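A quick write-up on the structure given underneath.
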Amino acid sequence: MTGSAQSLPHLVRCWQRGWGVACGLAPADEADGALHVLSGKPGRHLESLVLDADGDPGALRALAAQVAGSPHPDWLTVPTTAPREVAEVLGEEGLRLAAEQEHFMTIDLREHPDLPVAAPYAVSLDRDGPILDIRIVDEHDRPAAHGVMVVLDGVAVAHNIATYRTHRRRGLGGAVMSSLVRAAIGLGAETGLLTASRQGRHLYTALGWANRAGVVSAGTREPRR
Ligand SMILES: CC(C)(COP(=O)(O)OP(=O)(O)OC[C@H]1O[C@@H](n2cnc3c(N)ncnc32)[C@H](O)[C@@H]1OP(=O)(O)O)[C@@H](O)C(=O)NCCC(=O)NCCS
């Protein structure tokens, strides 16, 4: 079964596992309708990922209240097909919304285009267990683009895809994704998952990825001094 036919909570679980491995995090704890992980990022002590905000709005509100009341700067991430309503709930519970909403996207990897890297760029792809790591350099061996994909149980999760500013719109983003997908299929992956920034969404849509849900994020407000 491909990503568009699977339930959002199932896909969110798969995405979190891949993302956690890509970031070198311990496995998440599941409680109260969310996956919780100590992320170690500045401003994000504990990150909680809501599994079924659309199906269980009560759990969403309770989790939002929990994060809002935390003594730490915690973070709540909510994949949802109703991003406006979710943002309202998070705001009502006293959370500080992230400036940009992201997008949860999926693709049947067999339908992904296989785009080459154009000269003068060169590609190198390394594998460490389930982690694929791609680097593209220019003719002076300077970094031009990179990306990571983690393959677990037939699902490939893309992470940290980027093209350096001066090399953008030359096909490198497409080439990074194509090389990663080719290698992921070789490891048995069938479904691709990622969360996309605004810029990333343009790239992935051009490559045939489908938007499965919005991703609304918010953090604990800093205490007033
Ligand atoms: C998103 C990003 C990786 C795209 O890399 P890129 O090398 O410029 O992408 P490509 O040149 O392969 O783009 C392929 C196609 O995607 C689409 N596309 C890519 N970036 C776009 C943008 N900013 N606006 C509109 N369309 C865009 C276009 O259709 C483009 O084809 P075209 O140039 O012939 O019109 C790059 O902008 C980036 O690193 N951004 C900052 C980090 C980031 O947001 N990464 C994504 C995290 S999810």
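Residues in the structure tokens are named by chain (A, B, ... in the order shown) and by number from 1 within that chain; ligands are numbered from 1 in the order shown.
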How would you report the residues lying within 10 Å of ligand 1, as number ranges by chain, if you count only C-alpha atoms and all ligand atoms?
A: 102-105, 115, 117, 144-147, 158-178, 194-207
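Residues surrounding Ala98 (chain A) within 10 Å are Trp75, Leu76, Thr77, Ala87, Leu95, Gln101, Glu102, Val216, Ser217, Ala218 and Gly219 of chain A [only C-alpha atoms; sequence separation below 3 positions excluded].
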Hey, can you spit out that residue selection with C-alpha atoms as an mmCIF file, in the first residue's frame?
```cif
data_model
loop_
_atom_site.group_PDB
_atom_site.id
_atom_site.type_symbol
_atom_site.label_atom_id
_atom_site.label_comp_id
_atom_site.auth_asym_id
_atom_site.auth_seq_id
_atom_site.Cartn_x
_atom_site.Cartn_y
_atom_site.Cartn_z
ATOM 1 C CA TRP A 75 7.469 21.973 21.102
ATOM 2 C CA LEU A 76 4.272 20.523 19.619
ATOM 3 C CA THR A 77 4.028 19.393 15.981
ATOM 4 C CA ALA A 87 -3.670 26.675 14.763
ATOM 5 C CA LEU A 95 1.181 28.314 22.569
ATOM 6 C CA GLN A 101 3.374 26.035 8.377
ATOM 7 C CA GLU A 102 4.965 22.963 6.795
ATOM 8 C CA VAL A 216 1.253 23.122 12.329
ATOM 9 C CA SER A 217 3.921 23.656 14.991
ATOM 10 C CA ALA A 218 4.033 25.715 18.144
ATOM 11 C CA GLY A 219 6.209 26.156 21.212
#
```
Contact residues around region 11-16 of chain A with only C-alpha atoms at 10 Å, ignoring same-chain residues under 5 positions, as a VMD selection string
chain A and resid 2 to 6 21 to 22 27 to 28 30 34 to 37 49 to 52 78 to 79 104 to 106 150 152 to 158 191 to 195 212
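With only C-alpha atoms as the basis for measurement, A:Ser179 is the residue among A:Thr80, A:Ser179, A:Ser70, A:Ser48 that approaches Asp114 (chain A) most closely.
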Would you please give, as a VMD selection string, all residues of region 14-185 of chain A that DSSP assigns to strand (DSSP E or B) based on the backbone?
chain A and resid 29 to 31 34 to 41 44 to 50 75 to 80 96 to 97 102 to 108 122 to 128 131 to 137 143 to 152 155 to 163
Selection near Arg44 (chain A), 9 Å with only C-alpha atoms, sequence-local residues under 6 positions removed, as a PyMOL selection string:
chain A and resi 38+72-75+219-220
Just list the residues in region 105-206 of chain A DSSP gives helix (DSSP H, G or I) on the backbone, as a tab-separated table (two decimals) with C-alpha atoms, in the first residue's frame.
```tsv
chain	number	residue	atom	x	y	z
A	109	LEU	CA	8.63	5.89	-5.10
A	110	ARG	CA	8.18	3.93	-8.34
A	111	GLU	CA	6.56	7.07	-9.76
A	165	ARG	CA	21.95	29.46	-2.41
A	166	THR	CA	24.20	30.21	-5.40
A	167	HIS	CA	23.51	26.78	-6.94
A	172	LEU	CA	20.38	19.92	-8.01
A	173	GLY	CA	17.42	19.53	-5.64
A	174	GLY	CA	15.77	17.22	-8.17
A	175	ALA	CA	19.02	15.31	-8.65
A	176	VAL	CA	19.52	14.92	-4.87
A	177	MET	CA	16.01	13.49	-4.47
A	178	SER	CA	16.35	11.25	-7.54
A	179	SER	CA	19.65	9.73	-6.37
A	180	LEU	CA	18.29	9.15	-2.86
A	181	VAL	CA	15.08	7.58	-4.20
A	182	ARG	CA	17.03	5.30	-6.57
A	183	ALA	CA	19.16	4.06	-3.66
A	184	ALA	CA	16.12	3.75	-1.35
A	185	ILE	CA	14.27	1.60	-3.89
A	186	GLY	CA	17.41	-0.58	-3.98
A	198	ARG	CA	7.50	26.40	1.66
A	199	GLN	CA	10.47	26.29	-0.74
A	200	GLY	CA	10.78	22.53	-0.45
A	201	ARG	CA	7.12	22.09	-1.33
A	202	HIS	CA	7.73	23.69	-4.75
A	203	LEU	CA	10.51	21.21	-5.45
A	204	TYR	CA	8.66	18.13	-4.23
A	205	THR	CA	5.44	19.05	-6.03
A	206	ALA	CA	7.45	19.43	-9.25
```
When distances are computed from only C-alpha atoms, which of A:Ala210, A:Val86, A:Val67, A:Val215 shows the smallest separation from Asp108 (chain A)?
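Closest to Asp108 (chain A) of all the choices is A:Ala210.
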One number please: CA of Pro83 (chain A) to CA of Asp54 (chain A), in Å, one decimal.
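Computing the Euclidean distance for CA of Pro83 (chain A) and CA of Asp54 (chain A) yields 9.6 Å.
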When distances are computed from only C-alpha atoms, which of A:Asp32, A:Pro42, A:Glu222, A:Gly55 shows the smallest separation from Ser7 (chain A)?
A:Gly55
Please, what distance in Å, to one decimal, runs between CA of Gly33 (chain A) and CA of Pro9 (chain A)?
9.7 Å
Fewer than 4 positions away in the same chain doesn't count, so skip those; otherwise give me all residues within 10 Å of Pro143 (chain A), counting only C-alpha atoms, as a ChimeraX atom specification.
/A:121-122,135-139,163-164,167
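Atom to atom, CA of Ala31 (chain A) and CA of Pro71 (chain A) stand 19.1 Å apart.
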